[in-house]
Amino acid sequence: MANPMRIRAAAKDGVTEVRVLMSHVMETGQRKDSSGAVIPAHFITELTAKHNDKVVLSAQFGPSVSTNPYLAFKFNGGAKGDKVVVSWVDNKGDSRTDEVQVA
Amino acid sequence: MKKTIMAVAIGAVALTAPNMQAMASEDLNFDAYRQMLADGNPAELFEMEGEELWRTARGPKNATLEQCDLGVGAGVVDGAAAQLPRFFADTGKVQDLESRLMHCMETLQGIPSAEIINGKFRQGERGKLASLVAYVVTHSNGKKVQVDLSHPKMKEMYDMGEKVFYYRTGAMDFSCASCHSQDGKRIRATQLPNITTSKGAAEGWGSWPAYRVSNSQFWTMQHRLWDCFRQQRTAEPVFASDVTIALSVFMAGKGNGYEAVWPGVKR
């Protein structure tokens with residue numbers, strides 16, 4: 001199972017800033033291991049962020065994103081105590097959802 | 001065959017030399033780059049794992065590490081790393097964070113130290129130890145390095161560390177000082193601190209363990225030192241051996257009073 005994300009969300013002047021750190025190998029499928037065998041592609045393909053139940057960010061990820069991706073974004077609205085939920089799915093069908101309360 | 005190699009080598013120099021000049025004349029803003037890296041340091045992922053490991057009952061004795069004494073009391077993590085290495089009366093030894101955690105894993109959890117000493121970096125129990133390191137150092141982030149050198153064994157280790165630092169050996173006849181005794185040097189985006197000064201020693205000591213963005217790996221100070229022995233072209237040090245701890249006492253002791261930035265983030 002995938003490891004948890006670390007999410008922070010802070011509201012200020014009507015704008016919420018969300019910072020997400022994901023734990024993922026983000027393997028491109030272009031690399032070989034020491035014995036010359038191709039390391040199979042394994043990367044996040046989609047990411048969704050919700051504020052309470054409303055989608056505020058939907059993103060497509062690909063093999064050019066680094067290992068352990070870091071994502072920061074802002075959305076309008078949000079108040080202390082609101083819920084921010086981030087989910088990702090990868091090309092192997094693995095997924096992860098974590099949530100945090102807006103500080 | 002030799003000729004071809006020479007030709008290739010010359011070709012490569014000819015190609016890169018103008019590039020390097022162009023690079024040098026630009027204003028390379030490494031501080032800004034490092035600042036950007038520090039926001040969202042993926043070392044936090046290791047810290048999270050380490051925190052979990054600290055609280056999870058594991059090993060043949062099925063125990064947690066919550067009673068581990070890192071020098072500031074059983075189970076106290078806050079500020080512990082800033083005072084390490086230190087002399088521990090219960091083992092009669094000077095221990096750094098890694099060797100102390102290894103001791104706790106063995107005594108509390110029954111995980112044999114030999115498994116870690118003979119293991120590989122980032123794998124198995126040695127890998128888990130690194131995550132524990134990430135957790136512990138995070139609780140000394142921003143604290144001043146405060147290593148107590150008053151115990152005779154600490155003094156002994158400091159002197160040994162200093163000696164090792166200047167000891168020239170290996171195929172190139174390098175010492176640590178060959179690469180770390182000048183100000184203002186850098187390699188790629190990593191500043192090479194002048195470890196012969198207090199400020200430089202603190203920069204080196206107080207910014208590792210670190211996450212390396214170039215290879216997405218979290219490296220502890222033991223790992224950093226192992227790699228510098230390798231760069232020195234000399235024998236690999238045994239994990240958590242006296243020579244590695246002596247060098248750590250030397251650097252930490254010299255860097256006393258400066259703030260630690262833990263865990264660091266590096267190129």
# chains A, B, ... in the order shown; residues from 1 in each chain; ligands from 1
>>> residues_around(residues="segment 175-182 of chain B", least_positions_apart="3", cutoff="7 Å", atoms="only C-alpha atoms", output="ChimeraX atom specification")
/B:165-169,185,192-196,232
>>> residues_around(residues="Ser58 of chain A", least_positions_apart="4", cutoff="12 Å", atoms="only C-alpha atoms", output="list in words")
Thr45, Glu46, Leu47, Thr48, Ala49, Lys50, His51, Lys54, Phe73, Val85, Val86, Ser87, Trp88 and Val89 of chain A
>>> write_last_selection(atoms="N, CA, C and O atoms", output="short mmCIF file (atom, residue, chain, number, x, y, z; two decimals), in the first residue's frame")
data_model
loop_
_atom_site.label_atom_id
_atom_site.label_comp_id
_atom_site.auth_asym_id
_atom_site.auth_seq_id
_atom_site.Cartn_x
_atom_site.Cartn_y
_atom_site.Cartn_z
N THR A 45 -0.82 9.26 -12.19
CA THR A 45 -1.41 9.77 -13.44
C THR A 45 -2.42 10.89 -13.18
O THR A 45 -2.57 11.78 -13.98
N GLU A 46 -3.11 10.80 -12.06
CA GLU A 46 -4.13 11.81 -11.77
C GLU A 46 -4.12 12.20 -10.32
O GLU A 46 -3.90 11.37 -9.44
N LEU A 47 -4.39 13.46 -10.10
CA LEU A 47 -4.48 13.96 -8.74
C LEU A 47 -5.70 14.87 -8.63
O LEU A 47 -5.98 15.66 -9.53
N THR A 48 -6.43 14.71 -7.55
CA THR A 48 -7.62 15.55 -7.32
C THR A 48 -7.56 16.12 -5.92
O THR A 48 -7.21 15.41 -4.97
N ALA A 49 -7.90 17.39 -5.80
CA ALA A 49 -7.98 18.00 -4.47
C ALA A 49 -9.38 18.57 -4.28
O ALA A 49 -9.91 19.24 -5.17
N LYS A 50 -9.94 18.27 -3.13
CA LYS A 50 -11.28 18.77 -2.83
C LYS A 50 -11.26 19.65 -1.59
O LYS A 50 -10.54 19.35 -0.62
N HIS A 51 -12.09 20.71 -1.66
CA HIS A 51 -12.32 21.53 -0.49
C HIS A 51 -13.73 21.17 -0.03
O HIS A 51 -14.68 21.36 -0.78
N LYS A 54 -16.13 19.92 -2.80
CA LYS A 54 -15.98 20.53 -4.12
C LYS A 54 -14.54 20.36 -4.64
O LYS A 54 -13.57 20.60 -3.92
N PHE A 73 -0.53 24.79 -4.16
CA PHE A 73 -1.51 25.58 -4.93
C PHE A 73 -2.41 26.35 -3.97
O PHE A 73 -2.43 26.09 -2.76
N VAL A 85 -9.20 17.40 0.98
CA VAL A 85 -8.93 15.99 0.71
C VAL A 85 -8.14 15.89 -0.60
O VAL A 85 -8.54 16.45 -1.61
N VAL A 86 -7.03 15.19 -0.56
CA VAL A 86 -6.22 15.02 -1.78
C VAL A 86 -6.15 13.53 -2.11
O VAL A 86 -5.93 12.70 -1.21
N SER A 87 -6.36 13.20 -3.37
CA SER A 87 -6.27 11.80 -3.81
C SER A 87 -5.42 11.71 -5.06
O SER A 87 -5.44 12.61 -5.89
N TRP A 88 -4.70 10.62 -5.18
CA TRP A 88 -4.02 10.34 -6.45
C TRP A 88 -4.23 8.90 -6.86
O TRP A 88 -4.54 8.04 -6.04
N VAL A 89 -4.07 8.68 -8.16
CA VAL A 89 -4.14 7.34 -8.73
C VAL A 89 -2.90 7.17 -9.59
O VAL A 89 -2.47 8.13 -10.23
#
>>> interface_residues(of="chain A", to="chain B", cutoff="9 Å", atoms="only C-alpha atoms", output="PyMOL selection string")
chain A and resi 3-6+19-23+25+66-72
>>> write_last_selection(atoms="N, CA and C atoms", output="JSON list (two decimals), in the first residue's frame")
[["chain", "number", "residue", "atom", "x", "y", "z"],
["A", 3, "ASN", "N", 2.39, 4.89, 0.79],
["A", 3, "ASN", "CA", 2.62, 5.63, 2.03],
["A", 3, "ASN", "C", 1.79, 6.91, 2.06],
["A", 4, "PRO", "N", 1.49, 7.41, 3.26],
["A", 4, "PRO", "CA", 0.67, 8.62, 3.36],
["A", 4, "PRO", "C", 1.33, 9.87, 2.78],
["A", 5, "MET", "N", 0.48, 10.81, 2.40],
["A", 5, "MET", "CA", 0.97, 12.11, 1.96],
["A", 5, "MET", "C", 1.10, 12.99, 3.18],
["A", 6, "ARG", "N", 1.86, 14.04, 3.06],
["A", 6, "ARG", "CA", 1.84, 15.06, 4.11],
["A", 6, "ARG", "C", 1.18, 16.29, 3.49],
["A", 19, "ARG", "N", -0.33, 22.71, 0.54],
["A", 19, "ARG", "CA", 0.98, 22.16, 0.16],
["A", 19, "ARG", "C", 0.95, 20.66, 0.41],
["A", 20, "VAL", "N", 1.27, 19.92, -0.62],
["A", 20, "VAL", "CA", 1.16, 18.46, -0.56],
["A", 20, "VAL", "C", 2.50, 17.81, -0.90],
["A", 21, "LEU", "N", 2.92, 16.90, -0.07],
["A", 21, "LEU", "CA", 4.13, 16.13, -0.34],
["A", 21, "LEU", "C", 3.70, 14.67, -0.48],
["A", 22, "MET", "N", 3.97, 14.09, -1.65],
["A", 22, "MET", "CA", 3.53, 12.72, -1.91],
["A", 22, "MET", "C", 4.72, 11.77, -1.85],
["A", 23, "SER", "N", 4.45, 10.56, -1.39],
["A", 23, "SER", "CA", 5.50, 9.56, -1.36],
["A", 23, "SER", "C", 5.28, 8.61, -2.54],
["A", 25, "VAL", "N", 7.50, 6.61, -6.09],
["A", 25, "VAL", "CA", 8.76, 6.42, -6.84],
["A", 25, "VAL", "C", 8.80, 7.21, -8.14],
["A", 66, "SER", "N", 9.07, 14.55, -10.60],
["A", 66, "SER", "CA", 10.12, 13.91, -9.79],
["A", 66, "SER", "C", 9.59, 12.88, -8.80],
["A", 67, "THR", "N", 10.48, 12.08, -8.30],
["A", 67, "THR", "CA", 10.19, 11.18, -7.18],
["A", 67, "THR", "C", 9.71, 12.03, -6.00],
["A", 68, "ASN", "N", 8.82, 11.48, -5.20],
["A", 68, "ASN", "CA", 8.28, 12.18, -4.04],
["A", 68, "ASN", "C", 7.82, 13.60, -4.39],
["A", 69, "PRO", "N", 6.82, 13.71, -5.25],
["A", 69, "PRO", "CA", 6.42, 15.03, -5.75],
["A", 69, "PRO", "C", 5.91, 15.98, -4.66],
["A", 70, "TYR", "N", 6.19, 17.25, -4.89],
["A", 70, "TYR", "CA", 5.71, 18.30, -4.01],
["A", 70, "TYR", "C", 4.83, 19.21, -4.85],
["A", 71, "LEU", "N", 3.65, 19.50, -4.33],
["A", 71, "LEU", "CA", 2.70, 20.34, -5.07],
["A", 71, "LEU", "C", 2.16, 21.41, -4.14],
["A", 72, "ALA", "N", 2.19, 22.65, -4.59],
["A", 72, "ALA", "CA", 1.60, 23.74, -3.80],
["A", 72, "ALA", "C", 0.62, 24.49, -4.69]]
>>> residues_around(residues="Lys74 of chain A", least_positions_apart="4", cutoff="7 Å", atoms="only C-alpha atoms", output="MDAnalysis selection string")
chainID A and resid 15:18
>>> residues_around(residues="Gly81 of chain A", least_positions_apart="5", cutoff="9 Å", atoms="only C-alpha atoms", output="NGL selection string")
:A and (100-103)
>>> atom_distance(atom1="atom CA of Lys163 of chain B", atom2="atom CA of Thr220 of chain B")
22.7 Å
>>> atom_distance(atom1="atom CA of Ile111 of chain B", atom2="atom CA of Gln222 of chain B")
19.2 Å
>>> closest_residue(among="B:Phe239, B:Phe250, B:Phe218, B:Tyr135", to="Lys120 of chain B", atoms="only C-alpha atoms")
B:Phe239
>>> residues_around(residues="segment 157-161 of chain B", least_positions_apart="2", cutoff="8 Å", atoms="only C-alpha atoms", output="mmCIF file with N, CA, C and O atoms, in the first residue's frame")
data_model
loop_
_atom_site.group_PDB
_atom_site.id
_atom_site.type_symbol
_atom_site.label_atom_id
_atom_site.label_comp_id
_atom_site.auth_asym_id
_atom_site.auth_seq_id
_atom_site.Cartn_x
_atom_site.Cartn_y
_atom_site.Cartn_z
ATOM 1 N N VAL B 94 31.183 6.721 23.643
ATOM 2 C CA VAL B 94 30.673 7.903 22.968
ATOM 3 C C VAL B 94 29.838 7.394 21.792
ATOM 4 O O VAL B 94 30.311 6.563 21.016
ATOM 5 N N LEU B 149 31.858 18.518 25.535
ATOM 6 C CA LEU B 149 33.161 17.879 25.299
ATOM 7 C C LEU B 149 33.929 17.635 26.592
ATOM 8 O O LEU B 149 35.095 17.249 26.555
ATOM 9 N N LYS B 153 36.421 10.915 27.587
ATOM 10 C CA LYS B 153 36.223 10.089 26.374
ATOM 11 C C LYS B 153 35.792 10.958 25.191
ATOM 12 O O LYS B 153 36.078 10.627 24.034
ATOM 13 N N MET B 154 35.068 12.034 25.477
ATOM 14 C CA MET B 154 34.671 12.953 24.410
ATOM 15 C C MET B 154 35.904 13.689 23.884
ATOM 16 O O MET B 154 36.079 13.859 22.685
ATOM 17 N N LYS B 155 36.745 14.092 24.823
ATOM 18 C CA LYS B 155 37.981 14.792 24.471
ATOM 19 C C LYS B 155 38.839 13.878 23.589
ATOM 20 O O LYS B 155 39.379 14.301 22.568
ATOM 21 N N LYS B 163 42.575 14.351 14.222
ATOM 22 C CA LYS B 163 43.712 13.655 13.616
ATOM 23 C C LYS B 163 43.288 13.005 12.287
ATOM 24 O O LYS B 163 43.985 13.117 11.280
ATOM 25 N N VAL B 164 42.158 12.334 12.314
ATOM 26 C CA VAL B 164 41.651 11.669 11.108
ATOM 27 C C VAL B 164 41.367 12.698 10.017
ATOM 28 O O VAL B 164 41.634 12.467 8.846
ATOM 29 N N PHE B 165 40.851 13.839 10.430
ATOM 30 C CA PHE B 165 40.476 14.873 9.463
ATOM 31 C C PHE B 165 41.689 15.337 8.641
ATOM 32 O O PHE B 165 41.576 15.616 7.455
ATOM 33 N N VAL B 243 35.832 5.568 14.156
ATOM 34 C CA VAL B 243 36.396 6.639 13.325
ATOM 35 C C VAL B 243 35.291 7.579 12.825
ATOM 36 O O VAL B 243 35.467 8.800 12.775
ATOM 37 N N ILE B 245 32.444 8.131 14.360
ATOM 38 C CA ILE B 245 31.930 8.881 15.510
ATOM 39 C C ILE B 245 32.936 9.953 15.935
ATOM 40 O O ILE B 245 32.561 11.070 16.270
ATOM 41 N N ALA B 246 34.232 9.616 15.837
ATOM 42 C CA ALA B 246 35.265 10.594 16.175
ATOM 43 C C ALA B 246 35.181 11.810 15.248
ATOM 44 O O ALA B 246 35.228 12.959 15.703
ATOM 45 N N LEU B 247 35.020 11.576 13.953
ATOM 46 C CA LEU B 247 34.885 12.686 13.006
ATOM 47 C C LEU B 247 33.638 13.508 13.332
ATOM 48 O O LEU B 247 33.641 14.734 13.227
ATOM 49 N N SER B 248 32.576 12.820 13.748
ATOM 50 C CA SER B 248 31.343 13.515 14.100
ATOM 51 C C SER B 248 31.530 14.384 15.342
ATOM 52 O O SER B 248 31.060 15.518 15.381
ATOM 53 N N VAL B 249 32.231 13.839 16.339
ATOM 54 C CA VAL B 249 32.497 14.623 17.556
ATOM 55 C C VAL B 249 33.324 15.857 17.185
ATOM 56 O O VAL B 249 33.045 16.970 17.643
ATOM 57 N N PHE B 250 34.302 15.660 16.327
ATOM 58 C CA PHE B 250 35.156 16.767 15.901
ATOM 59 C C PHE B 250 34.329 17.861 15.218
ATOM 60 O O PHE B 250 34.413 19.040 15.561
ATOM 61 N N GLY B 253 31.588 19.281 17.706
ATOM 62 C CA GLY B 253 32.240 20.058 18.762
ATOM 63 C C GLY B 253 32.735 21.392 18.242
ATOM 64 O O GLY B 253 32.580 22.437 18.889
#
>>> atom_distance(atom1="atom CA of Lys254 of chain B", atom2="atom CA of Thr197 of chain B")
7.4 Å
>>> select_by_dssp(residues="chain A", states="strand (DSSP E)", output="JSON, numbers by chain")
{"A": [6, 7, 8, 9, 10, 11, 12, 15, 16, 17, 18, 19, 20, 21, 44, 45, 46, 47, 48, 49, 50, 51, 54, 55, 56, 57, 58, 59, 60, 70, 71, 72, 73, 74, 75, 76, 83, 84, 85, 86, 87, 88, 89, 90, 95, 96, 97, 98, 99, 100, 101]}
>>> closest_residue(among="B:Ile116, B:Ala201, B:Leu101, B:Val76", to="Val238 of chain B", atoms="only C-alpha atoms")
B:Ile116
>>> select_by_dssp(residues="segment 37-248 of chain B", states="alpha helix (DSSP H)", output="number ranges by chain")
B: 37-38, 43-55, 97-104, 113-117, 124-138, 152-166, 176-180, 198-205, 221-231, 242-248
>>> residues_around(residues="segment 29-31 of chain A", least_positions_apart="2", cutoff="10 Å", atoms="only C-alpha atoms", output="list in words")
Met26, Glu27, Asp33, Ser34, Gly36, Ala37, Val38, Ile39, Pro40, Ala41, His42, Phe43 and Pro63 of chain A
>>> residues_around(residues="Phe229 of chain B", least_positions_apart="4", cutoff="10 Å", atoms="only C-alpha atoms", output="PyMOL selection string")
chain B and resi 170+174-176+223-225+233-237+244
